[in-house]
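Input: a single structure, listed below in structure tokens.
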Amino acid sequence: MSLDTLQPVRPGHTSWDNTPHPSVKYCADTVNARYIHGRPEHELVPSRYALKVGAIDVLVVSDGVLSLPGAMLGHNVDPAVRAAWLEDMFLPPDVLEWALNAVVVRSGGRTILIDAGIGGEFPDLPRAGLWAQRLEAADIDLASVTDVVLTHMHMDHCGGLLADGVKERLRPDLRVHVAAAEAEFWESPDFSRVSMPPGFPDALRRTGKRFLKEYHSQLRTFENEYEVAPGVVVQRTGGHTPGHSVVRLASGGDRLTFAGDAVFQVGFEHPDWYNGFEHDPEEAARVRVRLLRELAANRESLVATHLSFPSVCHVAADGDVFRWVPGPWEY
Ligand SMILES: [Zn+2]
């Protein structure tokens, strides 16, 4: 597979698997049924992880998990091939729990929230939406936040900012950085190429519109790139959504990229599998390959929204594809 010849697995067909997705409620019930002895209380599982990138403080914060249909991992793939991959990865065949990570960065006297979890935007995903409560548990006062960076405006990335009581606690001079192409997209979003469970497109449209309305006066849009604070640069990639962006951190020779939804777990081994949330799947695959190649070459750290918490890892090249190399847990 090469970047220039990246093609759908079955050219001419955007989706190999035409089976409709089950509802998100079904997914949540299926996952809950696996925990026959009950599940740990929320605060007994790790929910934040701190690290340093040179002089920049970084905190990965878990919003919880999303229970979603496994087919969303690669909707352009033969279901038998996808099932075999899930089996190889010791993952259940039908419903997966996707991590939902956000990040807090401190640099040059600024406190920057990168993405915000899902908030209360989709009640059938009750195990997510914990972002505000976990910031509070980490002693991060919303009134101290100077900037918010959104990788994109899907509800699992901006919904936390719409949760009850959050906006009131943020400063009136807060700056919310998002690519101009993203803000424009959500005025009239195109869902013709996605593959999502029932109810998702409507909820995403509703959340995107509401976010633009409520944070209109705080929005600071950028075209391709913007330096939010020393060593903290947001860069538009497009693909997943037209204004999807990644955040590059660099300080004292250390580097880390927060990739948002440019990389999913399956994307290392199968970067050409289309994720159901991608609005332009071909471009999303090109973005993924380009980014993974760059991260493999310069050996920097990667954190991504839907990789297992805390998701700090490296990328290795493996022929034409990639390997995920988990980082050590630092004590
Ligand atoms: Zn996402």
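Residue numbers start at 1 in each chain; chains themselves are named A, B, ... in the order of the structure tokens; ligands are numbered from 1 in the order shown.
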
Please list as a PDB file with N, CA, C and O atoms, in the first residue's frame every residue within 6 Å of range 109-126 of chain A, counting only C-alpha atoms and excluding residues in the same chain fewer than 2 positions away.
```pdb
ATOM      1  N   LYS A  25     -27.968   1.884  22.242  1.00  0.00           N
ATOM      2  CA  LYS A  25     -28.563   1.296  23.453  1.00  0.00           C
ATOM      3  C   LYS A  25     -28.267  -0.212  23.483  1.00  0.00           C
ATOM      4  O   LYS A  25     -27.867  -0.757  24.510  1.00  0.00           O
ATOM      5  N   ASP A  63     -12.661  10.744  29.572  1.00  0.00           N
ATOM      6  CA  ASP A  63     -14.077  11.098  29.666  1.00  0.00           C
ATOM      7  C   ASP A  63     -14.920   9.859  29.923  1.00  0.00           C
ATOM      8  O   ASP A  63     -16.116   9.956  30.135  1.00  0.00           O
ATOM      9  N   ALA A 102      -9.303  13.156  26.531  1.00  0.00           N
ATOM     10  CA  ALA A 102      -9.071  14.576  26.256  1.00  0.00           C
ATOM     11  C   ALA A 102      -7.729  14.930  26.908  1.00  0.00           C
ATOM     12  O   ALA A 102      -7.152  14.108  27.629  1.00  0.00           O
ATOM     13  N   VAL A 103      -7.232  16.129  26.636  1.00  0.00           N
ATOM     14  CA  VAL A 103      -5.912  16.499  27.141  1.00  0.00           C
ATOM     15  C   VAL A 103      -5.974  17.916  27.720  1.00  0.00           C
ATOM     16  O   VAL A 103      -6.740  18.757  27.240  1.00  0.00           O
ATOM     17  N   VAL A 104      -5.185  18.138  28.772  1.00  0.00           N
ATOM     18  CA  VAL A 104      -4.991  19.489  29.308  1.00  0.00           C
ATOM     19  C   VAL A 104      -3.501  19.806  29.200  1.00  0.00           C
ATOM     20  O   VAL A 104      -2.663  18.957  29.525  1.00  0.00           O
ATOM     21  N   VAL A 105      -3.174  21.006  28.723  1.00  0.00           N
ATOM     22  CA  VAL A 105      -1.779  21.378  28.514  1.00  0.00           C
ATOM     23  C   VAL A 105      -1.529  22.710  29.223  1.00  0.00           C
ATOM     24  O   VAL A 105      -2.364  23.617  29.168  1.00  0.00           O
ATOM     25  N   ARG A 106      -0.382  22.815  29.886  1.00  0.00           N
ATOM     26  CA  ARG A 106       0.021  24.108  30.463  1.00  0.00           C
ATOM     27  C   ARG A 106       1.356  24.513  29.874  1.00  0.00           C
ATOM     28  O   ARG A 106       2.329  23.755  29.939  1.00  0.00           O
ATOM     29  N   SER A 107       1.373  25.697  29.288  1.00  0.00           N
ATOM     30  CA  SER A 107       2.614  26.212  28.697  1.00  0.00           C
ATOM     31  C   SER A 107       2.558  27.736  28.668  1.00  0.00           C
ATOM     32  O   SER A 107       1.520  28.319  28.339  1.00  0.00           O
ATOM     33  N   ALA A 128     -19.726   7.496  29.421  1.00  0.00           N
ATOM     34  CA  ALA A 128     -18.871   8.622  29.048  1.00  0.00           C
ATOM     35  C   ALA A 128     -19.513   9.906  29.589  1.00  0.00           C
ATOM     36  O   ALA A 128     -20.574   9.857  30.221  1.00  0.00           O
ATOM     37  N   GLY A 129     -18.843  11.042  29.376  1.00  0.00           N
ATOM     38  CA  GLY A 129     -19.397  12.305  29.858  1.00  0.00           C
ATOM     39  C   GLY A 129     -18.866  12.698  31.220  1.00  0.00           C
ATOM     40  O   GLY A 129     -19.481  13.483  31.941  1.00  0.00           O
ATOM     41  N   TRP A 131     -15.824  14.083  31.834  1.00  0.00           N
ATOM     42  CA  TRP A 131     -14.716  15.030  31.687  1.00  0.00           C
ATOM     43  C   TRP A 131     -14.716  16.129  32.748  1.00  0.00           C
ATOM     44  O   TRP A 131     -13.696  16.334  33.429  1.00  0.00           O
ATOM     45  N   VAL A 145      -8.863  28.334  33.018  1.00  0.00           N
ATOM     46  CA  VAL A 145      -8.595  27.931  31.635  1.00  0.00           C
ATOM     47  C   VAL A 145      -8.559  29.162  30.727  1.00  0.00           C
ATOM     48  O   VAL A 145      -9.478  29.981  30.740  1.00  0.00           O
ATOM     49  N   THR A 146      -7.478  29.292  29.960  1.00  0.00           N
ATOM     50  CA  THR A 146      -7.354  30.452  29.059  1.00  0.00           C
ATOM     51  C   THR A 146      -7.791  30.126  27.632  1.00  0.00           C
ATOM     52  O   THR A 146      -8.265  31.002  26.913  1.00  0.00           O
ATOM     53  N   ASP A 147      -7.595  28.838  27.219  1.00  0.00           N
ATOM     54  CA  ASP A 147      -7.850  28.461  25.828  1.00  0.00           C
ATOM     55  C   ASP A 147      -8.457  27.067  25.751  1.00  0.00           C
ATOM     56  O   ASP A 147      -8.141  26.206  26.571  1.00  0.00           O
ATOM     57  N   VAL A 148      -9.283  26.880  24.743  1.00  0.00           N
ATOM     58  CA  VAL A 148      -9.765  25.541  24.387  1.00  0.00           C
ATOM     59  C   VAL A 148      -9.357  25.316  22.938  1.00  0.00           C
ATOM     60  O   VAL A 148      -9.473  26.222  22.110  1.00  0.00           O
ATOM     61  N   VAL A 149      -8.849  24.118  22.645  1.00  0.00           N
ATOM     62  CA  VAL A 149      -8.565  23.747  21.256  1.00  0.00           C
ATOM     63  C   VAL A 149      -9.458  22.562  20.927  1.00  0.00           C
ATOM     64  O   VAL A 149      -9.495  21.584  21.678  1.00  0.00           O
ATOM     65  N   LEU A 150     -10.193  22.628  19.829  1.00  0.00           N
ATOM     66  CA  LEU A 150     -11.010  21.492  19.405  1.00  0.00           C
ATOM     67  C   LEU A 150     -10.379  20.852  18.181  1.00  0.00           C
ATOM     68  O   LEU A 150     -10.145  21.525  17.176  1.00  0.00           O
ATOM     69  N   MET A 155     -19.563  15.441  18.572  1.00  0.00           N
ATOM     70  CA  MET A 155     -20.044  15.664  19.945  1.00  0.00           C
ATOM     71  C   MET A 155     -19.171  15.008  21.012  1.00  0.00           C
ATOM     72  O   MET A 155     -19.168  15.458  22.156  1.00  0.00           O
ATOM     73  N   ASP A 156     -18.408  13.960  20.656  1.00  0.00           N
ATOM     74  CA  ASP A 156     -17.556  13.335  21.679  1.00  0.00           C
ATOM     75  C   ASP A 156     -16.286  14.163  21.930  1.00  0.00           C
ATOM     76  O   ASP A 156     -15.465  13.802  22.767  1.00  0.00           O
ATOM     77  N   HIS A 157     -16.139  15.270  21.219  1.00  0.00           N
ATOM     78  CA  HIS A 157     -14.976  16.159  21.396  1.00  0.00           C
ATOM     79  C   HIS A 157     -15.362  17.541  21.931  1.00  0.00           C
ATOM     80  O   HIS A 157     -14.556  18.187  22.581  1.00  0.00           O
ATOM     81  N   CYS A 158     -16.598  17.985  21.637  1.00  0.00           N
ATOM     82  CA  CYS A 158     -16.996  19.326  22.105  1.00  0.00           C
ATOM     83  C   CYS A 158     -18.160  19.281  23.095  1.00  0.00           C
ATOM     84  O   CYS A 158     -18.471  20.289  23.728  1.00  0.00           O
ATOM     85  N   GLY A 159     -18.809  18.103  23.251  1.00  0.00           N
ATOM     86  CA  GLY A 159     -20.032  18.029  24.060  1.00  0.00           C
ATOM     87  C   GLY A 159     -19.843  18.441  25.513  1.00  0.00           C
ATOM     88  O   GLY A 159     -20.740  19.022  26.117  1.00  0.00           O
ATOM     89  N   GLY A 160     -18.657  18.162  26.083  1.00  0.00           N
ATOM     90  CA  GLY A 160     -18.418  18.501  27.488  1.00  0.00           C
ATOM     91  C   GLY A 160     -18.575  19.999  27.753  1.00  0.00           C
ATOM     92  O   GLY A 160     -18.969  20.398  28.849  1.00  0.00           O
ATOM     93  N   ALA A 163     -22.143  20.803  28.649  1.00  0.00           N
ATOM     94  CA  ALA A 163     -22.742  20.150  29.824  1.00  0.00           C
ATOM     95  C   ALA A 163     -23.188  21.207  30.837  1.00  0.00           C
ATOM     96  O   ALA A 163     -22.630  22.317  30.880  1.00  0.00           O
TER      97      ALA A 163
END
```

Do you know which residues are at most 10 Å from range 263-272 of chain A counting only C-alpha atoms, after dropping those on the same chain fewer than 6 positions away, and could you put them as a PyMOL selection string?
chain A and resi 1+3+6-9+73-74+76-77+82+85-86+89+98+240+281-282+284-289+291-292+302-308+311+315-318+320-325

Hey, which of A:Val45, A:Ala181, A:Leu66, A:Val81 ends up closest to ligand 1? Count only C-alpha atoms and all ligand atoms.
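The closest residue to ligand 1 is A:Leu66.
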
What is the distance between CA of Arg48 in chain A and CA of Ser62 in chain A, in Å to one decimal?
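Interatomic distance, CA of Arg48 in chain A to CA of Ser62 in chain A: 6.2 Å.
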
Quick one: everything within 8 Å of Asp254 in chain A, counting only C-alpha atoms, minus sequence neighbours fewer than 5 positions away in the same chain. Send it as an NGL selection string.
:A and (53-54 or 300)

Take the residues that were just selected and, keeping all heavy atoms, output them as a compact mmCIF listing (two decimals), in the first residue's frame.
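File written: selection.txt
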```txt
# COMPACT_ATOMS: atom_id res chain seq x y z
N VAL A 53 6.36 17.23 28.46
CA VAL A 53 7.02 17.31 27.15
C VAL A 53 7.93 18.53 27.24
O VAL A 53 7.46 19.66 27.11
CB VAL A 53 5.99 17.45 26.01
CG1 VAL A 53 6.68 17.62 24.67
CG2 VAL A 53 5.07 16.22 25.98
N GLY A 54 9.20 18.31 27.57
CA GLY A 54 10.09 19.43 27.87
C GLY A 54 9.50 20.23 29.02
O GLY A 54 9.21 19.68 30.09
N GLU A 300 8.53 10.66 17.76
CA GLU A 300 7.86 11.37 18.84
C GLU A 300 6.73 10.55 19.45
O GLU A 300 6.33 9.52 18.90
CB GLU A 300 7.33 12.73 18.35
CG GLU A 300 6.15 12.66 17.42
CD GLU A 300 5.77 14.06 16.93
OE1 GLU A 300 5.00 14.72 17.62
OE2 GLU A 300 6.23 14.48 15.85
```

As an exercise, work out the distance from CA of Leu212 in chain A to CA of Ala262 in chain A in Å and give it to one decimal place.
22.5 Å

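Of the residues listed (A:Leu130, A:Leu249, A:Ala80, A:Leu100), A:Leu100 shows the shortest atom-to-atom separation from ligand 1; distances use only C-alpha atoms and all ligand atoms.
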
Using DSSP assignments from the backbone, pull out every residue in range 126-219 of chain A that falls under strand (DSSP E or B) and give it to me as a ChimeraX atom specification.
/A:128,147-149,175-179,219

Among listed residues A:Asn298, A:Asn101, A:Thr241, A:Ser188, nearest Phe258 in chain A (using only C-alpha atoms)
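Using only C-alpha atoms, Phe258 in chain A sits closest to A:Asn101.
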
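In this comparison, which uses only C-alpha atoms and all ligand atoms, the residue of A:Glu168, A:Lys213, A:Thr151, A:Gly253 approaching ligand 1 most closely is A:Thr151.
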